[in-house]
$ cat target_9.csv   # CSV, C-alpha atoms and all ligand atoms
chain,number,residue,atom,x,y,z
A,1423,MET,CA,-37.5,-38.2,23.3
A,1424,THR,CA,-36.9,-35.4,25.8
A,1425,SER,CA,-40.0,-33.4,26.7
A,1426,ALA,CA,-40.1,-29.6,26.3
A,1427,GLY,CA,-40.3,-29.3,30.1
A,1428,ALA,CA,-37.2,-31.3,30.6
A,1429,ARG,CA,-35.2,-29.3,28.0
A,1430,THR,CA,-36.3,-26.0,29.6
A,1431,THR,CA,-35.3,-27.2,33.0
A,1432,SER,CA,-31.8,-28.3,32.0
A,1433,LEU,CA,-31.1,-25.0,30.1
A,1434,TYR,CA,-31.7,-23.0,33.3
A,1435,GLU,CA,-30.4,-25.5,35.9
A,1436,SER,CA,-27.3,-23.6,36.9
A,1437,ASP,CA,-29.3,-20.4,37.6
A,1438,ILE,CA,-31.8,-22.1,40.0
A,1439,GLU,CA,-31.0,-22.6,43.7
A,1440,ARG,CA,-34.0,-24.9,44.4
A,1441,VAL,CA,-37.5,-25.8,43.4
A,1442,VAL,CA,-40.1,-23.9,45.4
A,1443,VAL,CA,-43.3,-25.3,43.8
A,1444,SER,CA,-42.9,-28.3,41.5
A,1445,GLU,CA,-44.8,-29.0,38.2
A,1446,ASP,CA,-46.8,-31.8,39.9
A,1447,GLU,CA,-47.8,-29.5,42.8
A,1448,ILE,CA,-48.9,-26.8,40.4
A,1449,ARG,CA,-51.0,-29.3,38.4
A,1450,VAL,CA,-52.7,-30.8,41.5
A,1451,LYS,CA,-53.4,-27.4,43.1
A,1452,THR,CA,-54.7,-25.9,39.8
A,1453,ALA,CA,-57.2,-28.8,39.5
A,1454,GLU,CA,-58.3,-28.3,43.1
A,1455,LEU,CA,-58.8,-24.5,42.6
A,1456,GLY,CA,-60.7,-25.1,39.4
A,1457,LYS,CA,-63.2,-27.5,41.1
A,1458,GLN,CA,-63.6,-25.2,44.1
A,1459,ILE,CA,-64.3,-22.2,41.9
A,1460,ALA,CA,-66.8,-24.1,39.8
A,1461,ALA,CA,-68.6,-25.2,43.0
A,1462,ASP,CA,-68.7,-21.6,44.3
A,1463,TYR,CA,-69.8,-20.0,41.1
A,1464,GLY,CA,-72.5,-22.5,40.2
A,1465,GLU,CA,-74.7,-20.9,37.5
A,1466,ARG,CA,-72.6,-17.7,37.4
A,1467,GLU,CA,-70.3,-17.7,34.4
A,1468,PRO,CA,-66.9,-16.2,35.4
A,1469,LEU,CA,-65.0,-13.8,33.1
A,1470,LEU,CA,-61.4,-14.7,33.7
A,1471,VAL,CA,-59.0,-11.6,33.5
A,1472,GLY,CA,-55.4,-12.8,33.2
A,1473,VAL,CA,-52.7,-10.3,34.2
A,1474,LEU,CA,-50.0,-10.4,31.5
A,1475,LYS,CA,-47.4,-11.4,31.3
A,1476,GLY,CA,-46.8,-13.3,34.6
A,1477,ALA,CA,-50.1,-15.1,34.7
A,1478,VAL,CA,-50.0,-16.5,31.2
A,1479,MET,CA,-49.0,-20.0,32.1
A,1480,PHE,CA,-51.4,-20.2,35.1
A,1481,MET,CA,-54.3,-18.7,33.1
A,1482,ALA,CA,-53.9,-21.2,30.3
A,1483,ASP,CA,-53.9,-24.2,32.8
A,1484,PHE,CA,-56.4,-22.7,35.2
A,1485,ALA,CA,-59.0,-21.9,32.4
A,1486,ARG,CA,-58.9,-25.6,31.4
A,1487,ALA,CA,-59.2,-26.8,35.0
A,1488,VAL,CA,-62.5,-24.9,35.7
A,1489,PRO,CA,-65.3,-27.3,34.8
A,1490,LEU,CA,-67.5,-24.3,33.8
A,1491,PRO,CA,-67.8,-22.3,30.6
A,1492,THR,CA,-65.5,-19.3,31.1
A,1493,GLN,CA,-64.5,-16.4,28.9
A,1494,LEU,CA,-60.9,-15.0,28.8
A,1495,GLU,CA,-59.7,-11.4,28.8
A,1496,PHE,CA,-56.3,-10.1,29.4
A,1497,MET,CA,-54.8,-6.9,30.9
A,1498,ALA,CA,-51.1,-6.1,30.9
A,1499,VAL,CA,-49.8,-4.0,33.7
A,1500,SER,CA,-46.3,-3.5,34.9
A,1501,SER,CA,-44.8,-2.4,38.2
A,1502,TYR,CA,-41.5,-4.3,38.3
A,1503,GLY,CA,-39.8,-3.5,35.1
A,1504,ALA,CA,-36.3,-5.0,35.2
A,1505,SER,CA,-36.0,-4.9,39.0
A,1506,THR,CA,-36.6,-7.5,41.7
A,1507,SER,CA,-38.7,-5.1,43.8
A,1508,SER,CA,-41.9,-3.3,42.9
A,1509,SER,CA,-41.7,0.3,41.9
A,1510,GLY,CA,-45.2,0.8,43.4
A,1511,VAL,CA,-46.2,2.6,40.2
A,1512,VAL,CA,-48.6,0.5,38.1
A,1513,ARG,CA,-49.0,1.2,34.4
A,1514,ILE,CA,-51.6,-0.2,32.1
A,1515,LEU,CA,-49.8,-1.6,29.1
A,1516,LYS,CA,-52.9,-3.2,27.6
A,1517,ASP,CA,-56.5,-2.7,28.7
A,1518,LEU,CA,-59.4,-5.1,28.5
A,1519,ASP,CA,-61.1,-5.6,25.1
A,1520,SER,CA,-64.6,-5.7,26.4
A,1521,ASP,CA,-67.0,-4.0,28.9
A,1522,ILE,CA,-67.2,-5.9,32.2
A,1523,ALA,CA,-70.3,-4.2,33.6
A,1524,GLY,CA,-72.6,-6.8,35.2
A,1525,ARG,CA,-70.0,-9.6,34.7
A,1526,HIS,CA,-68.5,-11.8,37.4
A,1527,VAL,CA,-64.8,-11.0,37.1
A,1528,LEU,CA,-62.2,-13.4,38.4
A,1529,VAL,CA,-58.7,-11.9,38.2
A,1530,VAL,CA,-56.1,-14.6,37.5
A,1531,GLU,CA,-52.7,-13.7,38.9
A,1532,ASP,CA,-49.4,-15.5,39.2
A,1533,ILE,CA,-48.2,-13.9,42.4
A,1534,ILE,CA,-49.1,-11.5,45.2
A,1535,ASP,CA,-45.9,-10.0,46.5
A,1536,SER,CA,-46.3,-6.5,47.9
A,1537,GLY,CA,-50.0,-6.6,46.8
A,1538,LEU,CA,-49.5,-3.2,45.1
A,1539,THR,CA,-50.4,-4.5,41.6
A,1540,LEU,CA,-53.6,-6.3,42.7
A,1541,SER,CA,-54.9,-3.7,45.1
A,1542,TRP,CA,-54.6,-1.1,42.3
A,1543,LEU,CA,-56.1,-3.5,39.7
A,1544,CYS,CA,-59.1,-4.5,41.8
A,1545,ARG,CA,-59.9,-0.8,42.4
A,1546,ASN,CA,-59.6,-0.1,38.7
A,1547,LEU,CA,-61.9,-3.0,37.8
A,1548,ALA,CA,-64.4,-2.4,40.5
A,1549,ALA,CA,-64.9,1.1,39.1
A,1550,ARG,CA,-66.2,-0.4,35.8
A,1551,ASN,CA,-69.4,-1.8,37.6
A,1552,PRO,CA,-68.9,-5.5,37.4
A,1553,ALA,CA,-71.4,-7.8,39.3
A,1554,SER,CA,-68.4,-9.1,41.4
A,1555,VAL,CA,-64.6,-9.1,41.4
A,1556,GLU,CA,-62.6,-12.0,43.0
A,1557,VAL,CA,-59.0,-13.0,42.7
A,1558,VAL,CA,-57.3,-16.3,42.2
A,1559,ALA,CA,-53.5,-16.2,42.7
A,1560,LEU,CA,-51.2,-19.1,42.3
A,1561,LEU,CA,-48.6,-17.7,44.7
A,1562,ARG,CA,-48.6,-15.3,47.6
A,1563,LYS,CA,-45.7,-14.1,49.8
A,1564,PRO,CA,-47.4,-13.4,53.2
A,1565,ASP,CA,-44.2,-11.7,54.6
A,1566,ALA,CA,-43.9,-9.3,51.7
A,1567,ILE,CA,-47.4,-7.8,51.7
A,1568,LYS,CA,-47.5,-4.0,52.0
A,1569,VAL,CA,-51.1,-3.3,51.2
A,1570,PRO,CA,-54.0,-5.7,52.1
A,1571,VAL,CA,-55.7,-7.4,49.2
A,1572,ASP,CA,-58.9,-9.4,49.6
A,1573,VAL,CA,-57.9,-12.7,47.8
A,1574,ARG,CA,-60.5,-15.5,47.8
A,1575,TYR,CA,-58.4,-18.2,46.2
A,1576,VAL,CA,-54.6,-18.8,46.7
A,1577,GLY,CA,-52.5,-21.7,45.5
A,1578,PHE,CA,-49.4,-21.5,47.7
A,1579,ASP,CA,-47.9,-19.3,50.3
A,1580,ILE,CA,-44.2,-19.0,49.7
A,1581,PRO,CA,-41.2,-17.5,51.5
A,1582,ASN,CA,-40.2,-13.9,50.8
A,1583,GLU,CA,-37.6,-14.6,48.2
A,1584,PHE,CA,-37.4,-13.8,44.5
A,1585,VAL,CA,-38.8,-16.7,42.5
A,1586,VAL,CA,-39.0,-17.3,38.7
A,1587,GLY,CA,-40.6,-19.8,36.4
A,1588,TYR,CA,-44.2,-20.8,35.3
A,1589,GLY,CA,-44.7,-17.2,33.9
A,1590,LEU,CA,-42.6,-15.4,36.5
A,1591,ASP,CA,-39.6,-13.6,35.1
A,1592,TYR,CA,-36.3,-12.0,36.0
A,1593,ASN,CA,-35.5,-9.5,33.3
A,1594,GLU,CA,-38.0,-11.3,30.9
A,1595,ARG,CA,-36.1,-14.6,31.3
A,1596,TYR,CA,-37.3,-17.9,33.0
A,1597,ARG,CA,-41.0,-17.5,32.2
A,1598,ASP,CA,-40.9,-20.8,30.3
A,1599,LEU,CA,-39.4,-22.8,33.2
A,1600,PRO,CA,-42.1,-25.4,34.0
A,1601,TYR,CA,-41.9,-25.0,37.8
A,1602,VAL,CA,-41.4,-22.2,40.3
A,1603,GLY,CA,-37.8,-22.0,41.5
A,1604,LEU,CA,-35.6,-19.8,43.6
A,1605,LEU,CA,-33.2,-17.8,41.5
A,1606,LYS,CA,-29.6,-17.8,42.6
A,1607,PRO,CA,-28.8,-14.3,43.9
A,1608,SER,CA,-25.6,-14.4,41.9
A,1609,VAL,CA,-27.8,-14.1,38.7
A,1610,TYR,CA,-29.2,-10.7,39.7
A,1611,GLU,CA,-26.0,-9.5,41.4
A,1612,ARG,CA,-24.1,-10.1,38.1
B,1,LIG,O1,-47.8,-7.8,44.5
B,1,LIG,P1,-46.8,-7.0,43.7
B,1,LIG,O2,-45.6,-6.6,44.5
B,1,LIG,O3,-47.4,-5.9,43.0
B,1,LIG,O4,-46.2,-8.0,42.6
B,1,LIG,C1,-46.9,-8.9,41.8
B,1,LIG,C2,-47.0,-8.5,40.3
B,1,LIG,O5,-45.7,-8.3,39.8
B,1,LIG,C3,-45.4,-9.1,38.7
B,1,LIG,O6,-45.7,-8.5,37.5
B,1,LIG,P2,-44.7,-7.4,36.7
B,1,LIG,O7,-45.2,-6.1,37.0
B,1,LIG,O8,-43.3,-7.8,37.0
B,1,LIG,O9,-45.1,-7.7,35.2
B,1,LIG,P3,-45.0,-9.1,34.4
B,1,LIG,O10,-46.2,-9.9,34.9
B,1,LIG,O11,-45.1,-8.7,33.0
B,1,LIG,O12,-43.7,-9.8,34.7
B,1,LIG,C4,-46.4,-10.3,38.9
B,1,LIG,O13,-46.7,-10.9,37.6
B,1,LIG,C5,-47.6,-9.6,39.5
B,1,LIG,O14,-48.5,-9.1,38.5
B,2,LIG,O1,-40.7,-13.2,43.2
B,2,LIG,C1,-41.1,-12.7,42.1
B,2,LIG,N1,-40.5,-13.2,40.9
B,2,LIG,C2,-40.8,-12.7,39.7
B,2,LIG,N2,-41.6,-11.7,39.5
B,2,LIG,C3,-42.2,-11.1,40.6
B,2,LIG,N3,-43.1,-10.1,40.7
B,2,LIG,C4,-43.4,-10.0,42.0
B,2,LIG,N4,-42.7,-10.9,42.8
B,2,LIG,C5,-42.0,-11.6,41.9
B,3,MG,MG,-42.3,-9.5,36.3

$ encode --input "target_9.csv" --output "structure tokens"
Amino acid sequence: MTSAGARTTSLYESDIERVVVSEDEIRVKTAELGKQIAADYGEREPLLVGVLKGAVMFMADFARAVPLPTQLEFMAVSSYGASTSSSGVVRILKDLDSDIAGRHVLVVEDIIDSGLTLSWLCRNLAARNPASVEVVALLRKPDAIKVPVDVRYVGFDIPNEFVVGYGLDYNERYRDLPYVGLLKPSVYER
């Protein structure tokens, strides 16, 4: 029987130039980050804040890779819309369901590109009086950063190219691709 991952891969194959971070690399790194964070937090119970929609796959896998009791919250923000570059204007589409005052907040993000989304979000969360705010991001583009963001945990530094998969979209497509891949420019130049 063909696995769901294999089916998704073959459906999108002609749109992907190359794999940037493979399924195996994501799995191994997520386990490493989970262990490291558990060691760093010790007795402190993190409140994971996943940033919808991009972080949904990483959040689901990461939450199960942290050998600590965690709680899950989600925020939805959008700065990209249907474009491949950030508008710089961040909108809250869905806010947290609970009060984070006194909590150890760990923001879970799929990617830091310009840094605009996270720098805005960290300021927004810090204003709610949490005990701490840290960030774990699966991907970061060091050459694209426009505003500095203090990120404690990063999975992979990647080149400054538009990638899709594992939660990351182009025009709401490819989020279900099981790896992170480089989208052929011909797809967004269509
Ligand atoms: O560092 P930046 O340049 O701000 O880019 C990173 C952000 O952009 C993407 O979200 P997007 O706004 O596209 O929403 P989505 O997660 O729903 O795709 C991504 O998921 C990050 O949240
Ligand atoms: O490279 C990217 N791909 C998809 N979504 C994104 N949001 C910021 N950067 C990216
Ligand atoms: Mg997006």

$ closest_residue --input "target_9.csv" --among "A:Asp1565, A:Cys1544, A:Asp1437, A:Glu1445" --to "Val1609 (chain A)" --atoms "only C-alpha atoms"
A:Asp1437

$ closest_residue --input "target_9.csv" --among "A:Ser1520, A:Ser1536, A:Ser1501, A:Asn1546" --to "ligand MG 3 (chain B)" --atoms "all atoms listed in the file"
A:Ser1501

$ residues_near_ligand --input "target_9.csv" --ligand "ligand LIG 1 (chain B)" --cutoff "9 Å" --atoms "all atoms listed in the file" --output "NGL selection string"
:A and (1473-1478 or 1498-1510 or 1512-1513 or 1531-1542 or 1562-1563 or 1566-1569 or 1589-1594 or 1597)

$ residues_around --input "target_9.csv" --residues "Gly1603 (chain A)" --least-positions-apart "3" --cutoff "7 Å" --atoms "all atoms listed in the file" --output "NGL selection string"
:A and (1438 or 1440-1443 or 1585-1587)

$ write_last_selection --input "target_9.csv" --atoms "C-alpha atoms" --output "PDB file, keeping the file's coordinate frame"
ATOM      1  CA  ILE A1438     -31.800 -22.100  40.000  1.00  0.00           C
ATOM      2  CA  ARG A1440     -34.000 -24.900  44.400  1.00  0.00           C
ATOM      3  CA  VAL A1441     -37.500 -25.800  43.400  1.00  0.00           C
ATOM      4  CA  VAL A1442     -40.100 -23.900  45.400  1.00  0.00           C
ATOM      5  CA  VAL A1443     -43.300 -25.300  43.800  1.00  0.00           C
ATOM      6  CA  VAL A1585     -38.800 -16.700  42.500  1.00  0.00           C
ATOM      7  CA  VAL A1586     -39.000 -17.300  38.700  1.00  0.00           C
ATOM      8  CA  GLY A1587     -40.600 -19.800  36.400  1.00  0.00           C
TER       9      GLY A1587
END

$ atom_distance --input "target_9.csv" --atom1 "CA of Asn1551 (chain A)" --atom2 "CA of Asp1572 (chain A)"
17.7 Å

$ closest_residue --input "target_9.csv" --among "A:Ala1487, A:Leu1561, A:Val1576, A:Val1471" --to "ligand LIG 2 (chain B)" --atoms "only C-alpha atoms and all ligand atoms"
A:Leu1561

$ atom_distance --input "target_9.csv" --atom1 "atom N1 of ligand LIG 2 (chain B)" --atom2 "CA of Ser1608 (chain A)"
15.0 Å

$ residues_near_point --input "target_9.csv" --point "(-57.5, -24.2, 31.6)" --cutoff "12 Å" --atoms "all atoms listed in the file" --output "short mmCIF file (atom, residue, chain, number, x, y, z; two decimals) with C-alpha atoms, in the frame of the given file"
data_model
loop_
_atom_site.label_atom_id
_atom_site.label_comp_id
_atom_site.auth_asym_id
_atom_site.auth_seq_id
_atom_site.Cartn_x
_atom_site.Cartn_y
_atom_site.Cartn_z
CA ARG A 1449 -51.00 -29.30 38.40
CA THR A 1452 -54.70 -25.90 39.80
CA ALA A 1453 -57.20 -28.80 39.50
CA LEU A 1455 -58.80 -24.50 42.60
CA GLY A 1456 -60.70 -25.10 39.40
CA LYS A 1457 -63.20 -27.50 41.10
CA LEU A 1470 -61.40 -14.70 33.70
CA GLY A 1472 -55.40 -12.80 33.20
CA VAL A 1478 -50.00 -16.50 31.20
CA MET A 1479 -49.00 -20.00 32.10
CA PHE A 1480 -51.40 -20.20 35.10
CA MET A 1481 -54.30 -18.70 33.10
CA ALA A 1482 -53.90 -21.20 30.30
CA ASP A 1483 -53.90 -24.20 32.80
CA PHE A 1484 -56.40 -22.70 35.20
CA ALA A 1485 -59.00 -21.90 32.40
CA ARG A 1486 -58.90 -25.60 31.40
CA ALA A 1487 -59.20 -26.80 35.00
CA VAL A 1488 -62.50 -24.90 35.70
CA PRO A 1489 -65.30 -27.30 34.80
CA LEU A 1490 -67.50 -24.30 33.80
CA PRO A 1491 -67.80 -22.30 30.60
CA THR A 1492 -65.50 -19.30 31.10
CA GLN A 1493 -64.50 -16.40 28.90
CA LEU A 1494 -60.90 -15.00 28.80
CA VAL A 1530 -56.10 -14.60 37.50
#

$ closest_residue --input "target_9.csv" --among "A:Lys1516, A:Lys1606, A:Arg1612, A:Arg1595" --to "ligand MG 3 (chain B)" --atoms "all atoms listed in the file"
A:Arg1595

$ atom_distance --input "target_9.csv" --atom1 "CA of Val1558 (chain A)" --atom2 "CA of Arg1574 (chain A)"
6.5 Å

$ residues_around --input "target_9.csv" --residues "Arg1525 (chain A)" --least-positions-apart "5" --cutoff "9 Å" --atoms "all atoms listed in the file" --output "VMD selection string"
chain A and resid 1466 to 1469 1551 to 1555

$ closest_residue --input "target_9.csv" --among "A:Met1497, A:Val1602, A:Leu1560, A:Ala1549" --to "Leu1518 (chain A)" --atoms "only C-alpha atoms"
A:Met1497

$ closest_residue --input "target_9.csv" --among "A:Thr1430, A:Arg1550, A:Phe1496, A:Phe1584" --to "ligand MG 3 (chain B)" --atoms "all atoms listed in the file"
A:Phe1584

$ build_atoms --input "target_9.csv" --residues "region 1554-1580 of chain A" --atoms "N, CA and C atoms" --output "PDB file, in the frame of the given file"
ATOM      1  N   SER A1554     -69.299  -8.700  40.263  1.00  0.00           N
ATOM      2  CA  SER A1554     -68.400  -9.100  41.400  1.00  0.00           C
ATOM      3  C   SER A1554     -66.966  -9.092  40.843  1.00  0.00           C
ATOM      4  N   VAL A1555     -66.022  -8.937  41.777  1.00  0.00           N
ATOM      5  CA  VAL A1555     -64.600  -9.100  41.400  1.00  0.00           C
ATOM      6  C   VAL A1555     -63.965  -9.974  42.506  1.00  0.00           C
ATOM      7  N   GLU A1556     -63.412 -11.095  42.096  1.00  0.00           N
ATOM      8  CA  GLU A1556     -62.600 -12.000  43.000  1.00  0.00           C
ATOM      9  C   GLU A1556     -61.284 -12.191  42.378  1.00  0.00           C
ATOM     10  N   VAL A1557     -60.374 -12.748  43.197  1.00  0.00           N
ATOM     11  CA  VAL A1557     -59.000 -13.000  42.700  1.00  0.00           C
ATOM     12  C   VAL A1557     -58.602 -14.417  42.968  1.00  0.00           C
ATOM     13  N   VAL A1558     -57.970 -15.027  41.979  1.00  0.00           N
ATOM     14  CA  VAL A1558     -57.300 -16.300  42.200  1.00  0.00           C
ATOM     15  C   VAL A1558     -55.802 -16.068  41.886  1.00  0.00           C
ATOM     16  N   ALA A1559     -54.948 -16.378  42.859  1.00  0.00           N
ATOM     17  CA  ALA A1559     -53.500 -16.200  42.700  1.00  0.00           C
ATOM     18  C   ALA A1559     -52.800 -17.510  42.941  1.00  0.00           C
ATOM     19  N   LEU A1560     -51.898 -17.888  42.060  1.00  0.00           N
ATOM     20  CA  LEU A1560     -51.200 -19.100  42.300  1.00  0.00           C
ATOM     21  C   LEU A1560     -50.264 -19.031  43.505  1.00  0.00           C
ATOM     22  N   LEU A1561     -49.579 -17.901  43.646  1.00  0.00           N
ATOM     23  CA  LEU A1561     -48.600 -17.700  44.700  1.00  0.00           C
ATOM     24  C   LEU A1561     -48.866 -16.481  45.520  1.00  0.00           C
ATOM     25  N   ARG A1562     -48.474 -16.533  46.790  1.00  0.00           N
ATOM     26  CA  ARG A1562     -48.600 -15.300  47.600  1.00  0.00           C
ATOM     27  C   ARG A1562     -47.373 -15.356  48.586  1.00  0.00           C
ATOM     28  N   LYS A1563     -46.800 -14.172  48.833  1.00  0.00           N
ATOM     29  CA  LYS A1563     -45.700 -14.100  49.800  1.00  0.00           C
ATOM     30  C   LYS A1563     -46.261 -13.302  51.020  1.00  0.00           C
ATOM     31  N   PRO A1564     -46.739 -14.024  52.045  1.00  0.00           N
ATOM     32  CA  PRO A1564     -47.400 -13.400  53.200  1.00  0.00           C
ATOM     33  C   PRO A1564     -46.444 -12.354  53.877  1.00  0.00           C
ATOM     34  N   ASP A1565     -45.123 -12.620  53.878  1.00  0.00           N
ATOM     35  CA  ASP A1565     -44.200 -11.700  54.600  1.00  0.00           C
ATOM     36  C   ASP A1565     -43.804 -10.497  53.778  1.00  0.00           C
ATOM     37  N   ALA A1566     -44.287 -10.393  52.542  1.00  0.00           N
ATOM     38  CA  ALA A1566     -43.900  -9.300  51.700  1.00  0.00           C
ATOM     39  C   ALA A1566     -45.012  -8.240  51.541  1.00  0.00           C
ATOM     40  N   ILE A1567     -46.198  -8.605  52.035  1.00  0.00           N
ATOM     41  CA  ILE A1567     -47.400  -7.800  51.700  1.00  0.00           C
ATOM     42  C   ILE A1567     -47.243  -6.373  52.335  1.00  0.00           C
ATOM     43  N   LYS A1568     -47.548  -5.376  51.518  1.00  0.00           N
ATOM     44  CA  LYS A1568     -47.500  -4.000  52.000  1.00  0.00           C
ATOM     45  C   LYS A1568     -48.865  -3.359  52.028  1.00  0.00           C
ATOM     46  N   VAL A1569     -49.757  -3.815  51.138  1.00  0.00           N
ATOM     47  CA  VAL A1569     -51.100  -3.300  51.200  1.00  0.00           C
ATOM     48  C   VAL A1569     -52.067  -4.552  51.197  1.00  0.00           C
ATOM     49  N   PRO A1570     -53.101  -4.525  52.045  1.00  0.00           N
ATOM     50  CA  PRO A1570     -54.000  -5.700  52.100  1.00  0.00           C
ATOM     51  C   PRO A1570     -54.772  -5.874  50.824  1.00  0.00           C
ATOM     52  N   VAL A1571     -54.876  -7.124  50.377  1.00  0.00           N
ATOM     53  CA  VAL A1571     -55.700  -7.400  49.200  1.00  0.00           C
ATOM     54  C   VAL A1571     -56.614  -8.583  49.601  1.00  0.00           C
ATOM     55  N   ASP A1572     -57.880  -8.440  49.237  1.00  0.00           N
ATOM     56  CA  ASP A1572     -58.900  -9.400  49.600  1.00  0.00           C
ATOM     57  C   ASP A1572     -58.840 -10.549  48.520  1.00  0.00           C
ATOM     58  N   VAL A1573     -58.121 -11.617  48.809  1.00  0.00           N
ATOM     59  CA  VAL A1573     -57.900 -12.700  47.800  1.00  0.00           C
ATOM     60  C   VAL A1573     -58.705 -13.915  48.238  1.00  0.00           C
ATOM     61  N   ARG A1574     -59.660 -14.328  47.436  1.00  0.00           N
ATOM     62  CA  ARG A1574     -60.500 -15.500  47.800  1.00  0.00           C
ATOM     63  C   ARG A1574     -59.764 -16.799  47.620  1.00  0.00           C
ATOM     64  N   TYR A1575     -58.987 -16.905  46.526  1.00  0.00           N
ATOM     65  CA  TYR A1575     -58.400 -18.200  46.200  1.00  0.00           C
ATOM     66  C   TYR A1575     -56.853 -18.055  46.034  1.00  0.00           C
ATOM     67  N   VAL A1576     -56.093 -18.834  46.831  1.00  0.00           N
ATOM     68  CA  VAL A1576     -54.600 -18.800  46.700  1.00  0.00           C
ATOM     69  C   VAL A1576     -54.092 -20.221  46.626  1.00  0.00           C
ATOM     70  N   GLY A1577     -53.145 -20.401  45.716  1.00  0.00           N
ATOM     71  CA  GLY A1577     -52.500 -21.700  45.500  1.00  0.00           C
ATOM     72  C   GLY A1577     -51.547 -22.039  46.657  1.00  0.00           C
ATOM     73  N   PHE A1578     -50.468 -21.253  46.727  1.00  0.00           N
ATOM     74  CA  PHE A1578     -49.400 -21.500  47.700  1.00  0.00           C
ATOM     75  C   PHE A1578     -48.858 -20.277  48.328  1.00  0.00           C
ATOM     76  N   ASP A1579     -48.665 -20.330  49.645  1.00  0.00           N
ATOM     77  CA  ASP A1579     -47.900 -19.300  50.300  1.00  0.00           C
ATOM     78  C   ASP A1579     -46.449 -19.673  50.300  1.00  0.00           C
ATOM     79  N   ILE A1580     -45.614 -18.736  49.859  1.00  0.00           N
ATOM     80  CA  ILE A1580     -44.200 -19.000  49.700  1.00  0.00           C
ATOM     81  C   ILE A1580     -43.343 -18.033  50.489  1.00  0.00           C
TER      82      ILE A1580
END
